[in-house]
Amino acid sequence: MVVGTRAAAAPTNATEGGSRTEPTGRLGAVGARVVFEDLEKRYGDVAAVDGVSLDVAAGEFLTMLGPSGSGKTTSLMMLAGFEIPTAGEIYVDDRPIAAVPPYRRNIGMVFQNYALFPHMTVGENIAFPLKLRKVKKADIQRRTREVLELVELPGYEARYPRQLSGGQQQRIALARALVFDPRVLLMDEPLGALDKQLRESLQLEIKRLHERLGVTIVYVTHDQQEALVMSDRIAVMNRGRVEQVGPPAELYDAPQTRFVASFIGESNFLDGRLAGIEGGVAQVEAPGVGVLRARLGEGLASGTDVAVTVRPEKIVFAEEGEGSDGLNHERNELDATVEDVVFVGEMHRYEVRLTGGQTLILKRQNRAGVRRYERGDSARVAWHVADTRLV
Amino acid sequence: MSATGEARQGVGVGASPRARVRPARAARRRVSLGQGLLYAVTGLILFYLVFPIFVVIPVSFSSAKYLQFPPPGFSLQWYEKYLTRSDWTGATWLSVQVAAGTALLATLLGTLAALALVRGRFWGRDLINAFVVSPMIIPSIIVAIGIYFFYARIQLIGSPFALVLAHTALAVPFVVVNVSATLVGFDERLEYAAMNLGANRRQTFLKVTLPLIRPGVLTGALFAFVTSFDELIVALFISGTGAVTLPRKMWDGIRQEIDPTIAAVSTIFIVLSVLVLVSAELLRQRSERLRTAIPTQVE
Ligand SMILES: Nc1ncnc2c1ncn2[C@@H]1O[C@H](COP(=O)(O)OP(=O)(O)OP(=O)(O)O)[C@@H](O)[C@H]1O
Ligand SMILES: [Mg+2]
């Protein structure tokens, strides 16, 4: 257990500025490495977690992202020690922690409903982990004060949790989880109960704290936007398994499965058959549309059924791209009819129908010089082969 | 007995205060006749229920030598007699001791039982729950006869300790019901949070769980105390000559010496019961306050 407080050292670090840290971070020695090895949790016939392997680097911010019931909470509960894995092992800094009871794991946790003790003041809530660790009274007071400054609620010691707003309670829960210097911090949908604006400002605040403290964070959310904004890496969960792990940009631009492509951001899918490979480019036959070219996915053989996927903002109406950025070769071009236009503020969102009956979504910026198409217009849509993936 | 039993249960479980809905103005006139009838009937029932109190309390201050209503004059002689006769004070003191012992034992056992019955996931849980609560439903006379034969065989008749044991069996359901009610609404994540912050199971229970369920535990303890304190039937069977409790003494008294001392004792009893019920209600309100998120003044 680290008794000295990092909160005291933090202000000096903050002056270095908030540049984005590498996963190992400049205070990298503080966070612990967390490894899930073939982790499994069954409830009767249901596999809540079904063979999860993850390697979270010391000081990394890793987000588990997935729909409801995908096993995110169960994974966290096993790491915190409240659920016992059916199979597999968890290592913190290369030591297996199966035999360590929850109260000795020294892993901080922020619960979705904050779980502040209603019968204790803010000060008593924050002092709780310190008292259990027999920290001296004067030190408890000092560290409580420091951590409250860290979460920007100085002087709130005497309040009761019920006298705080949701956002304030969230910060106190964070302060309580940080005050005993855990090397790993778990957060289970900590912002789920807050409104959008508050959520966004707290996302940045938590990220800033992470960069300052260097603690390893395992964060759980089902909000893809939140995951993209905050994480060093994202593990996309589906039905108790990890579908794909990687930095936000990689998951967005190179999804390996249809699930990942549709769960993170919006995607178009065109079903087809892999006809062949030409110069490292996959040729896919889509019924009624013709041959589409795409970047080759891993381990796909000719003749297999595949889906071609492309993001809505990567598709253009054909005449605007021509000549300007060299899109005209190396791209897929198709005839289409505009089915629907929706104005969403900074964008127009078009739904177009292809000759094979499939529909595509595409988005165009709302600015001068971008032609607006109307419902029923014929158009030619195009997108770059490099923006086209197979899943 | 059954009436007070239900009252206790009702207050303990604490039906949350219903929002008082005002009838719309148009509707109010139409129902006014029915409402008048309702008020009249309700008033009659209430009067019937509290009527004995209107007789007993005045009689306890009577200047007459015998039970007589209305009393001819005011006097504190019966209170004086009650307080100076050692058989009355002895019985009272014994009752207090037995009730305290019962409250202690029943609260301990009942709280633990409630924890197991609410939290536990084991086979036959509902069955055990019904069994634990059964003394509340089974007629006292049946329990009393059973206890009497059993205690006679192991020669426990006439011992205060035996009374504590028997009363505990009767009082445990009240503790279980009250503690369960607070436990059902208890957010177990608070316990997870405590453990996550470094508290072992014992520390978690003492510092987080117990303070939060305390209102239910205290209410249960109060009801356990009263259950024992005014219990007559079991006492009739097993108190023998060595452990005469206050209700038992009153029972004997009313057959041997018909004077208003009984009324004085009853008045003291009534005041005590009202105090207990008021405390229980205050505790319930306190626990409700702890749970709501509405900002209130710091206590
Ligand atoms: N105690 C339990 N008993 C039985 N099944 C459970 C239990 N806990 C979780 N499950 C099941 O395990 C699966 C994963 O649950 P988990 O709570 O980990 O999902 P999650 O990803 O956190 O979802 P959410 O986003 O809704 O919180 C679900 O199908 C759930 O029904
Ligand atoms: Mg969850």
# chains A, B, ... in the order shown; residues from 1 in each chain; ligands from 1
call {"tool": "select_by_dssp", "arguments": {"residues": "range 147-203 of chain A", "states": "helix (DSSP H, G or I)", "output": "list in words"}}
result
Val147, Leu148, Glu149, Leu150, Pro161, Arg162, Gln163, Gly166, Gly167, Gln168, Gln169, Gln170, Arg171, Ile172, Ala173, Leu174, Ala175, Arg176, Ala177, Leu178, Lys196, Gln197, Leu198, Arg199, Glu200, Ser201, Leu202 and Gln203 of chain A
call {"tool": "write_last_selection", "arguments": {"atoms": "N, CA, C and O atoms", "output": "CSV table (one decimal), in the first residue's frame"}}
result
chain,number,residue,atom,x,y,z
A,147,VAL,N,-7.6,15.6,-2.1
A,147,VAL,CA,-8.4,14.9,-3.1
A,147,VAL,C,-9.6,15.6,-3.5
A,147,VAL,O,-10.1,15.6,-4.6
A,148,LEU,N,-10.2,16.4,-2.5
A,148,LEU,CA,-11.4,17.2,-2.9
A,148,LEU,C,-11.0,18.3,-3.8
A,148,LEU,O,-11.8,18.7,-4.7
A,149,GLU,N,-9.8,18.8,-3.6
A,149,GLU,CA,-9.3,19.9,-4.5
A,149,GLU,C,-9.1,19.2,-5.9
A,149,GLU,O,-9.4,19.8,-6.9
A,150,LEU,N,-8.6,18.0,-5.9
A,150,LEU,CA,-8.3,17.3,-7.2
A,150,LEU,C,-9.6,17.2,-8.0
A,150,LEU,O,-9.6,17.3,-9.2
A,161,PRO,N,-24.2,13.0,1.3
A,161,PRO,CA,-24.3,12.7,-0.2
A,161,PRO,C,-25.7,13.2,-0.7
A,161,PRO,O,-25.7,13.7,-1.8
A,162,ARG,N,-26.8,13.1,0.1
A,162,ARG,CA,-28.1,13.5,-0.4
A,162,ARG,C,-28.2,15.0,-0.7
A,162,ARG,O,-29.1,15.5,-1.3
A,163,GLN,N,-27.2,15.8,-0.2
A,163,GLN,CA,-27.2,17.2,-0.4
A,163,GLN,C,-26.4,17.6,-1.6
A,163,GLN,O,-26.1,18.8,-1.8
A,166,GLY,N,-26.1,15.0,-8.8
A,166,GLY,CA,-25.6,13.8,-9.4
A,166,GLY,C,-24.1,13.9,-9.8
A,166,GLY,O,-23.3,13.0,-9.5
A,167,GLY,N,-23.8,15.0,-10.4
A,167,GLY,CA,-22.4,15.2,-10.9
A,167,GLY,C,-21.4,15.3,-9.7
A,167,GLY,O,-20.3,14.8,-9.8
A,168,GLN,N,-21.9,16.0,-8.7
A,168,GLN,CA,-21.0,16.2,-7.5
A,168,GLN,C,-20.8,14.8,-6.8
A,168,GLN,O,-19.7,14.5,-6.4
A,169,GLN,N,-21.9,14.0,-6.7
A,169,GLN,CA,-21.8,12.7,-6.1
A,169,GLN,C,-20.8,11.9,-6.9
A,169,GLN,O,-20.0,11.1,-6.3
A,170,GLN,N,-20.8,12.0,-8.2
A,170,GLN,CA,-19.9,11.2,-9.0
A,170,GLN,C,-18.5,11.6,-8.7
A,170,GLN,O,-17.6,10.7,-8.6
A,171,ARG,N,-18.2,12.9,-8.5
A,171,ARG,CA,-16.9,13.3,-8.2
A,171,ARG,C,-16.4,12.9,-6.9
A,171,ARG,O,-15.3,12.5,-6.7
A,172,ILE,N,-17.3,12.8,-5.9
A,172,ILE,CA,-17.0,12.4,-4.5
A,172,ILE,C,-16.7,10.9,-4.6
A,172,ILE,O,-15.7,10.4,-4.0
A,173,ALA,N,-17.5,10.1,-5.4
A,173,ALA,CA,-17.2,8.7,-5.5
A,173,ALA,C,-15.8,8.5,-6.1
A,173,ALA,O,-15.0,7.6,-5.7
A,174,LEU,N,-15.5,9.3,-7.1
A,174,LEU,CA,-14.1,9.3,-7.7
A,174,LEU,C,-13.0,9.6,-6.7
A,174,LEU,O,-12.0,8.9,-6.6
A,175,ALA,N,-13.3,10.7,-5.9
A,175,ALA,CA,-12.3,11.0,-4.9
A,175,ALA,C,-12.1,9.9,-3.9
A,175,ALA,O,-11.0,9.6,-3.5
A,176,ARG,N,-13.2,9.3,-3.5
A,176,ARG,CA,-13.1,8.2,-2.5
A,176,ARG,C,-12.3,7.0,-3.0
A,176,ARG,O,-11.6,6.3,-2.3
A,177,ALA,N,-12.5,6.8,-4.3
A,177,ALA,CA,-11.8,5.6,-5.0
A,177,ALA,C,-10.4,5.9,-5.2
A,177,ALA,O,-9.5,5.0,-5.4
A,178,LEU,N,-10.0,7.2,-5.2
A,178,LEU,CA,-8.6,7.6,-5.5
A,178,LEU,C,-7.8,7.9,-4.3
A,178,LEU,O,-6.6,7.8,-4.3
A,196,LYS,N,-26.3,14.8,-20.8
A,196,LYS,CA,-25.3,14.7,-21.8
A,196,LYS,C,-24.2,15.7,-21.6
A,196,LYS,O,-23.0,15.4,-21.7
A,197,GLN,N,-24.5,17.0,-21.3
A,197,GLN,CA,-23.5,18.0,-21.1
A,197,GLN,C,-22.6,17.7,-20.0
A,197,GLN,O,-21.3,17.8,-20.2
A,198,LEU,N,-23.1,17.4,-18.9
A,198,LEU,CA,-22.3,17.0,-17.7
A,198,LEU,C,-21.4,15.8,-18.0
A,198,LEU,O,-20.3,15.8,-17.6
A,199,ARG,N,-22.0,14.9,-18.7
A,199,ARG,CA,-21.3,13.7,-19.0
A,199,ARG,C,-20.0,14.0,-19.8
A,199,ARG,O,-18.9,13.6,-19.6
A,200,GLU,N,-20.2,14.9,-20.8
A,200,GLU,CA,-19.1,15.3,-21.7
A,200,GLU,C,-18.0,16.0,-20.9
A,200,GLU,O,-16.8,15.8,-21.1
A,201,SER,N,-18.4,16.9,-20.0
A,201,SER,CA,-17.4,17.6,-19.3
A,201,SER,C,-16.7,16.7,-18.3
A,201,SER,O,-15.4,16.8,-18.1
A,202,LEU,N,-17.4,15.8,-17.7
A,202,LEU,CA,-16.8,14.8,-16.7
A,202,LEU,C,-15.9,13.8,-17.5
A,202,LEU,O,-14.8,13.4,-16.9
A,203,GLN,N,-16.2,13.5,-18.7
A,203,GLN,CA,-15.4,12.6,-19.5
A,203,GLN,C,-14.0,13.2,-19.6
A,203,GLN,O,-12.9,12.6,-19.4
call {"tool": "residues_around", "arguments": {"residues": "range 282-287 of chain A", "least_positions_apart": "5", "cutoff": "10 Å", "atoms": "only C-alpha atoms", "output": "mmCIF file with N, CA and C atoms, in the first residue's frame"}}
result
data_model
loop_
_atom_site.group_PDB
_atom_site.id
_atom_site.type_symbol
_atom_site.label_atom_id
_atom_site.label_comp_id
_atom_site.auth_asym_id
_atom_site.auth_seq_id
_atom_site.Cartn_x
_atom_site.Cartn_y
_atom_site.Cartn_z
ATOM 1 N N LEU A 270 -22.812 -4.205 -47.438
ATOM 2 C CA LEU A 270 -23.319 -4.769 -48.689
ATOM 3 C C LEU A 270 -22.873 -6.219 -48.736
ATOM 4 N N ASP A 271 -23.846 -7.126 -48.716
ATOM 5 C CA ASP A 271 -23.496 -8.550 -48.709
ATOM 6 C C ASP A 271 -23.062 -8.997 -50.103
ATOM 7 N N GLY A 272 -22.114 -9.915 -50.132
ATOM 8 C CA GLY A 272 -21.638 -10.406 -51.424
ATOM 9 C C GLY A 272 -20.774 -11.645 -51.255
ATOM 10 N N ARG A 273 -20.108 -11.995 -52.345
ATOM 11 C CA ARG A 273 -19.262 -13.185 -52.332
ATOM 12 C C ARG A 273 -17.876 -12.773 -52.797
ATOM 13 N N LEU A 274 -16.872 -13.236 -52.077
ATOM 14 C CA LEU A 274 -15.501 -12.902 -52.444
ATOM 15 C C LEU A 274 -15.145 -13.654 -53.720
ATOM 16 N N ALA A 275 -14.991 -12.890 -54.816
ATOM 17 C CA ALA A 275 -14.786 -13.535 -56.113
ATOM 18 C C ALA A 275 -13.307 -13.793 -56.375
ATOM 19 N N GLY A 276 -12.464 -12.907 -55.920
ATOM 20 C CA GLY A 276 -11.042 -13.109 -56.172
ATOM 21 C C GLY A 276 -10.230 -11.986 -55.567
ATOM 22 N N ILE A 277 -8.912 -12.136 -55.745
ATOM 23 C CA ILE A 277 -8.017 -11.122 -55.205
ATOM 24 C C ILE A 277 -7.124 -10.640 -56.335
ATOM 25 N N LEU A 292 -17.428 -4.997 -56.351
ATOM 26 C CA LEU A 292 -16.933 -3.950 -55.456
ATOM 27 C C LEU A 292 -15.527 -4.322 -55.036
ATOM 28 N N ARG A 293 -14.679 -3.304 -54.894
ATOM 29 C CA ARG A 293 -13.314 -3.576 -54.449
ATOM 30 C C ARG A 293 -13.145 -3.139 -52.999
ATOM 31 N N ALA A 294 -12.355 -3.896 -52.239
ATOM 32 C CA ALA A 294 -12.193 -3.599 -50.817
ATOM 33 C C ALA A 294 -10.817 -4.010 -50.353
ATOM 34 N N ARG A 295 -10.392 -3.416 -49.225
ATOM 35 C CA ARG A 295 -9.132 -3.888 -48.628
ATOM 36 C C ARG A 295 -9.343 -5.288 -48.118
ATOM 37 N N LEU A 296 -8.315 -6.090 -48.280
ATOM 38 C CA LEU A 296 -8.449 -7.501 -47.960
ATOM 39 C C LEU A 296 -8.490 -7.724 -46.451
ATOM 40 N N GLY A 297 -9.498 -8.454 -45.989
ATOM 41 C CA GLY A 297 -9.516 -8.854 -44.593
ATOM 42 C C GLY A 297 -8.607 -10.050 -44.391
ATOM 43 N N LEU A 300 -9.402 -14.639 -45.448
ATOM 44 C CA LEU A 300 -10.620 -14.868 -46.210
ATOM 45 C C LEU A 300 -10.247 -15.570 -47.512
ATOM 46 N N SER A 302 -11.342 -17.172 -51.380
ATOM 47 C CA SER A 302 -12.281 -16.916 -52.465
ATOM 48 C C SER A 302 -13.506 -17.793 -52.310
ATOM 49 N N GLY A 303 -14.652 -17.236 -52.663
ATOM 50 C CA GLY A 303 -15.882 -18.018 -52.620
ATOM 51 C C GLY A 303 -16.646 -17.885 -51.320
ATOM 52 N N THR A 304 -16.025 -17.278 -50.290
ATOM 53 C CA THR A 304 -16.771 -17.149 -49.030
ATOM 54 C C THR A 304 -17.737 -15.958 -49.093
ATOM 55 N N ASP A 305 -18.800 -16.070 -48.314
ATOM 56 C CA ASP A 305 -19.734 -14.960 -48.196
ATOM 57 C C ASP A 305 -19.122 -13.898 -47.298
ATOM 58 N N VAL A 306 -19.159 -12.671 -47.753
ATOM 59 C CA VAL A 306 -18.588 -11.586 -46.964
ATOM 60 C C VAL A 306 -19.539 -10.396 -47.011
ATOM 61 N N ALA A 307 -19.217 -9.396 -46.214
ATOM 62 C CA ALA A 307 -19.953 -8.134 -46.325
ATOM 63 C C ALA A 307 -18.932 -7.033 -46.541
ATOM 64 N N VAL A 308 -19.249 -6.153 -47.471
ATOM 65 C CA VAL A 308 -18.412 -4.990 -47.714
ATOM 66 C C VAL A 308 -18.950 -3.886 -46.817
ATOM 67 N N THR A 355 -28.962 -0.118 -57.326
ATOM 68 C CA THR A 355 -29.686 -0.857 -58.363
ATOM 69 C C THR A 355 -30.077 -2.258 -57.896
ATOM 70 N N GLY A 356 -29.317 -2.798 -56.955
ATOM 71 C CA GLY A 356 -29.645 -4.129 -56.438
ATOM 72 C C GLY A 356 -30.679 -4.092 -55.317
ATOM 73 N N GLY A 357 -31.193 -2.905 -55.000
ATOM 74 C CA GLY A 357 -32.216 -2.797 -53.954
ATOM 75 C C GLY A 357 -31.653 -2.472 -52.584
ATOM 76 N N GLN A 358 -30.317 -2.567 -52.412
ATOM 77 C CA GLN A 358 -29.726 -2.264 -51.105
ATOM 78 C C GLN A 358 -29.769 -0.759 -50.846
ATOM 79 N N VAL A 385 -11.479 2.755 -52.270
ATOM 80 C CA VAL A 385 -11.237 1.353 -51.931
ATOM 81 C C VAL A 385 -10.567 1.239 -50.565
ATOM 82 N N THR A 388 -12.800 0.919 -47.716
ATOM 83 C CA THR A 388 -13.730 -0.199 -47.807
ATOM 84 C C THR A 388 -13.139 -1.413 -47.114
ATOM 85 N N ARG A 389 -13.935 -1.992 -46.222
ATOM 86 C CA ARG A 389 -13.442 -3.151 -45.458
ATOM 87 C C ARG A 389 -14.299 -4.364 -45.717
ATOM 88 N N LEU A 390 -13.725 -5.512 -45.477
ATOM 89 C CA LEU A 390 -14.494 -6.750 -45.519
ATOM 90 C C LEU A 390 -14.690 -7.245 -44.100
#
call {"tool": "residues_near_ligand", "arguments": {"ligand": "ligand 2", "cutoff": "9 Å", "atoms": "only C-alpha atoms and all ligand atoms", "output": "list of chain:residue names"}}
result
A:Ser68, A:Gly69, A:Ser70, A:Gly71, A:Lys72, A:Thr73, A:Thr74, A:Leu76, A:Gln112, A:Asp188, A:Glu189, A:Val220, A:Thr221, A:His222
call {"tool": "write_last_selection", "arguments": {"atoms": "C-alpha atoms", "output": "PDB file, in the first residue's frame"}}
result
ATOM      1  CA  SER A  68     -26.228  -4.641 -22.354  1.00  0.00           C
ATOM      2  CA  GLY A  69     -25.531  -8.145 -21.093  1.00  0.00           C
ATOM      3  CA  SER A  70     -22.193  -8.510 -22.870  1.00  0.00           C
ATOM      4  CA  GLY A  71     -20.360  -9.298 -19.635  1.00  0.00           C
ATOM      5  CA  LYS A  72     -18.711  -5.978 -18.852  1.00  0.00           C
ATOM      6  CA  THR A  73     -19.878  -5.674 -15.254  1.00  0.00           C
ATOM      7  CA  THR A  74     -19.187  -9.339 -14.595  1.00  0.00           C
ATOM      8  CA  LEU A  76     -15.111  -5.892 -13.501  1.00  0.00           C
ATOM      9  CA  GLN A 112     -22.708   3.337 -11.522  1.00  0.00           C
ATOM     10  CA  ASP A 188     -18.631   0.843 -14.230  1.00  0.00           C
ATOM     11  CA  GLU A 189     -20.670   3.277 -16.331  1.00  0.00           C
ATOM     12  CA  VAL A 220     -16.947   0.220 -18.663  1.00  0.00           C
ATOM     13  CA  THR A 221     -19.521   1.860 -20.870  1.00  0.00           C
ATOM     14  CA  HIS A 222     -22.029   1.064 -23.550  1.00  0.00           C
TER      15      HIS A 222
END
call {"tool": "interface_residues", "arguments": {"of": "chain A", "to": "chain B", "cutoff": "9 Å", "atoms": "only C-alpha atoms", "output": "JSON, numbers by chain"}}
result
{"A": [80, 81, 82, 101, 102, 103, 104, 105, 106, 107, 108, 109, 110, 111, 113, 114, 115, 116, 117, 118, 119, 128, 129, 130, 132, 133, 158, 159, 160, 161, 162, 163, 164, 176, 177, 180]}
call {"tool": "residues_around", "arguments": {"residues": "range 237-253 of chain B", "least_positions_apart": "5", "cutoff": "7 Å", "atoms": "only C-alpha atoms", "output": "MDAnalysis selection string"}}
result
chainID B and resid 91:92 94:95 144 148 157:160 163 230:232 262
call {"tool": "closest_residue", "arguments": {"among": "A:Ile90, A:Leu204, A:Ala127, A:Ile361", "to": "Phe36 in chain A", "atoms": "only C-alpha atoms"}}
result
A:Ile90
call {"tool": "atom_distance", "arguments": {"atom1": "CA of Glu40 in chain A", "atom2": "atom 29 (O, counted along the ligand's line) of ligand 1"}}
result
13.2 Å
call {"tool": "residues_around", "arguments": {"residues": "Leu282 in chain B", "least_positions_apart": "4", "cutoff": "12 Å", "atoms": "only C-alpha atoms", "output": "compact mmCIF listing (two decimals) with N, CA, C and O atoms, in the first residue's frame"}}
result
# COMPACT_ATOMS: atom_id res chain seq x y z
N VAL B 11 -47.11 -0.79 11.89
CA VAL B 11 -46.24 0.36 12.06
C VAL B 11 -44.82 0.00 11.64
O VAL B 11 -44.14 0.76 10.99
N GLY B 12 -44.43 -1.22 11.97
CA GLY B 12 -43.05 -1.61 11.71
C GLY B 12 -42.76 -1.65 10.22
O GLY B 12 -41.82 -1.05 9.75
N GLY B 14 -44.34 -0.33 7.99
CA GLY B 14 -44.42 1.05 7.55
C GLY B 14 -44.86 1.23 6.12
O GLY B 14 -44.05 1.46 5.24
N PRO B 215 -32.55 1.54 12.23
CA PRO B 215 -33.95 1.85 12.57
C PRO B 215 -34.81 0.59 12.63
O PRO B 215 -35.62 0.44 13.56
N GLY B 216 -34.64 -0.32 11.68
CA GLY B 216 -35.41 -1.56 11.68
C GLY B 216 -35.07 -2.41 12.88
O GLY B 216 -35.94 -3.02 13.51
N LEU B 218 -33.87 -1.39 15.81
CA LEU B 218 -34.37 -0.78 17.04
C LEU B 218 -35.89 -0.94 17.15
O LEU B 218 -36.42 -1.23 18.22
N THR B 219 -36.58 -0.76 16.04
CA THR B 219 -38.03 -0.95 16.05
C THR B 219 -38.35 -2.38 16.46
O THR B 219 -39.22 -2.62 17.30
N LEU B 275 -45.78 5.26 24.16
CA LEU B 275 -44.41 5.74 23.99
C LEU B 275 -43.65 4.86 23.02
O LEU B 275 -42.93 5.35 22.14
N VAL B 276 -43.82 3.56 23.16
CA VAL B 276 -43.10 2.64 22.29
C VAL B 276 -43.52 2.83 20.84
O VAL B 276 -42.69 2.92 19.93
N LEU B 277 -44.83 2.93 20.61
CA LEU B 277 -45.31 3.08 19.23
C LEU B 277 -44.83 4.40 18.62
O LEU B 277 -44.45 4.46 17.46
N VAL B 278 -44.83 5.46 19.43
CA VAL B 278 -44.36 6.75 18.93
C VAL B 278 -42.88 6.66 18.57
O VAL B 278 -42.45 7.12 17.50
N ARG B 286 -37.13 8.32 10.39
CA ARG B 286 -35.72 8.60 10.28
C ARG B 286 -35.08 7.75 9.19
O ARG B 286 -34.29 8.22 8.39
N SER B 287 -35.47 6.47 9.16
CA SER B 287 -34.87 5.59 8.16
C SER B 287 -35.31 5.99 6.77
O SER B 287 -34.56 5.93 5.82
N GLU B 288 -36.56 6.44 6.67
CA GLU B 288 -37.05 6.88 5.36
C GLU B 288 -36.24 8.09 4.90
O GLU B 288 -35.88 8.22 3.75
N ARG B 289 -35.94 8.97 5.85
CA ARG B 289 -35.20 10.18 5.51
C ARG B 289 -33.80 9.83 5.02
O ARG B 289 -33.29 10.43 4.08
call {"tool": "residues_around", "arguments": {"residues": "Leu112 in chain B", "least_positions_apart": "2", "cutoff": "12 Å", "atoms": "only C-alpha atoms", "output": "list in words"}}
result
Leu105, Ala106, Thr107, Leu108, Leu109, Gly110, Ala114, Leu115, Ala116, Leu117, Val118, Arg119, Gly120, Val132, Val172, Pro173, Val175, Val176, Val177, Val179, Ser180, Leu183, Phe205, Leu210 and Val217 of chain B
call {"tool": "residues_around", "arguments": {"residues": "range 262-265 of chain A", "least_positions_apart": "3", "cutoff": "7 Å", "atoms": "only C-alpha atoms", "output": "PyMOL selection string"}}
result
chain A and resi 224+252+258-259
